[in-house]
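Dropping target-v5.cif in here (mmCIF, C-alpha atoms):
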```cif
data_input
loop_
_atom_site.group_PDB
_atom_site.id
_atom_site.type_symbol
_atom_site.label_atom_id
_atom_site.label_comp_id
_atom_site.auth_asym_id
_atom_site.auth_seq_id
_atom_site.Cartn_x
_atom_site.Cartn_y
_atom_site.Cartn_z
ATOM 1 C CA MET A 23 0.000 0.000 0.000
ATOM 2 C CA GLN A 24 1.365 3.384 -0.971
ATOM 3 C CA ILE A 25 1.172 6.397 1.328
ATOM 4 C CA ALA A 26 -0.114 9.819 0.259
ATOM 5 C CA TYR A 27 0.893 12.691 2.542
ATOM 6 C CA GLU A 28 -1.896 15.247 2.165
ATOM 7 C CA PRO A 29 -2.551 18.521 4.001
ATOM 8 C CA HIS A 30 -5.619 18.052 6.187
ATOM 9 C CA PRO A 31 -8.527 18.414 6.077
ATOM 10 C CA VAL A 32 -8.862 16.292 2.935
ATOM 11 C CA THR A 33 -12.065 16.731 0.956
ATOM 12 C CA PRO A 34 -14.253 13.639 0.567
ATOM 13 C CA GLU A 35 -13.703 13.808 -3.215
ATOM 14 C CA ARG A 36 -9.904 13.851 -2.862
ATOM 15 C CA LYS A 37 -10.029 11.084 -0.245
ATOM 16 C CA ALA A 38 -12.109 8.872 -2.573
ATOM 17 C CA GLU A 39 -9.744 9.585 -5.473
ATOM 18 C CA LEU A 40 -6.635 8.626 -3.479
ATOM 19 C CA ARG A 41 -8.221 5.509 -1.973
ATOM 20 C CA ALA A 42 -9.320 4.363 -5.446
ATOM 21 C CA GLN A 43 -5.664 4.578 -6.503
ATOM 22 C CA GLY A 44 -4.649 2.417 -3.526
ATOM 23 C CA PHE A 45 -3.180 5.121 -1.294
ATOM 24 C CA LYS A 46 -3.309 5.339 2.486
ATOM 25 C CA ILE A 47 -3.834 8.991 3.498
ATOM 26 C CA ILE A 48 -1.666 10.541 6.219
ATOM 27 C CA ASP A 49 -1.512 14.203 7.265
ATOM 28 C CA ALA A 50 1.339 16.045 5.547
ATOM 29 C CA ARG A 51 2.740 17.226 8.876
ATOM 30 C CA PHE A 52 3.836 13.622 9.551
ATOM 31 C CA ALA A 53 5.727 13.316 6.270
ATOM 32 C CA PRO A 54 9.364 12.277 6.710
ATOM 33 C CA PRO A 55 12.039 14.854 5.805
ATOM 34 C CA GLY A 56 12.608 14.957 2.062
ATOM 35 C CA GLU A 57 9.174 13.539 1.200
ATOM 36 C CA VAL A 58 7.387 15.414 -1.589
ATOM 37 C CA VAL A 59 4.072 16.834 -0.355
ATOM 38 C CA GLU A 60 1.599 18.363 -2.795
ATOM 39 C CA HIS A 61 0.080 21.484 -1.288
ATOM 40 C CA LYS A 62 -3.521 22.471 -1.829
ATOM 41 C CA ASP A 63 -4.264 25.084 -4.455
ATOM 42 C CA GLU A 64 -7.427 26.231 -2.735
ATOM 43 C CA ALA A 65 -7.592 28.115 0.536
ATOM 44 C CA PRO A 66 -9.304 26.414 3.441
ATOM 45 C CA LYS A 67 -12.922 27.344 4.023
ATOM 46 C CA GLN A 68 -13.585 29.859 6.762
ATOM 47 C CA ARG A 69 -15.560 28.476 9.649
ATOM 48 C CA ALA A 70 -18.615 30.297 10.863
ATOM 49 C CA ARG A 71 -18.042 31.881 14.237
ATOM 50 C CA LYS A 72 -20.585 32.393 16.907
ATOM 51 C CA SER A 73 -21.130 36.029 17.676
ATOM 52 C CA ARG A 74 -20.453 37.058 21.223
ATOM 53 C CA THR A 75 -23.230 38.814 22.985
ATOM 54 C CA GLU A 76 -22.312 41.740 25.151
ATOM 55 C CA PRO A 77 -22.947 41.136 28.845
ATOM 56 C CA ALA A 78 -25.887 43.075 30.248
ATOM 57 C CA GLU A 79 -24.853 46.111 32.222
ATOM 58 C CA ALA A 80 -25.469 45.835 35.945
ATOM 59 C CA GLU A 81 -27.410 48.794 37.311
#
```
Let me see the file written as structure tokens.
Amino acid sequence: MQIAYEPHPVTPERKAELRAQGFKIIDARFAPPGEVVEHKDEAPKQRARKSRTEPAEAE
């Protein structure tokens, strides 16, 4: 089984593509020195953040 070092998170489409080719997927940060790692072309999606409510003023 071959190993593909991919930056995480890996999209479900990319994961399916690599698994179909017989690769085991491991996060790129665990790649041994000198290993070629293909970096993503797309920027990661921004997560929605919960808005903070201001605390009520004590009177």
(request) Calculate how many Å separate CA of Glu60 (chain A) from CA of Met23 (chain A), rounding to one decimal. (result)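 Distance reported for this atom pair: 18.6 Å.
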(message) Report, in Å to a single decimal, how far apart CA of Phe52 (chain A) and CA of Thr33 (chain A) are.
(response)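 Between CA of Thr33 (chain A) and CA of Phe52 (chain A) the gap works out to 18.3 Å.
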(message) As an exercise, work out the distance from CA of Gly56 (chain A) to CA of Pro31 (chain A) in Å and give it to one decimal place.
(response)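 About the pair CA of Gly56 (chain A) and CA of Pro31 (chain A): they are 21.8 Å apart.
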(request) Compare A:Val59, A:Ala70, A:Ala42, A:Ala50 by their minimum atom-to-atom distance to His30 (chain A), counting all atoms listed in the file, and give me the closest one. (result)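 Using all atoms listed in the file, the shortest distance to His30 (chain A) belongs to A:Ala50.
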(request) Find the spatial neighbours of Glu28 (chain A), counting all atoms listed in the file, within a cut-off of 9 Å - ignore same-chain residues fewer than 5 positions away - and output them as a list in words. (result) Ile47, Ile48, Asp49, Ala50, Arg51, Ala53, Val59, Glu60, His61 and Lys62 of chain A
(request) Could you tell me which of A:Pro77, A:Arg69, A:Gln24, A:Val58 comes closest to Lys46 (chain A) if we count only C-alpha atoms? (result)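 Among A:Pro77, A:Arg69, A:Gln24, A:Val58, it is A:Gln24 that comes nearest to Lys46 (chain A).
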To box region 38-48 of chain A, take all atoms listed in the file, fit an axis-aligned box, add 8 Å on each side, and give centre and edge lengths in Å to one decimal, as AutoDock Vina command-line options.
```
--center_x -6.9 --center_y 6.5 --center_z -0.1 --size_x 26.4 --size_y 24.1 --size_z 28.7
```
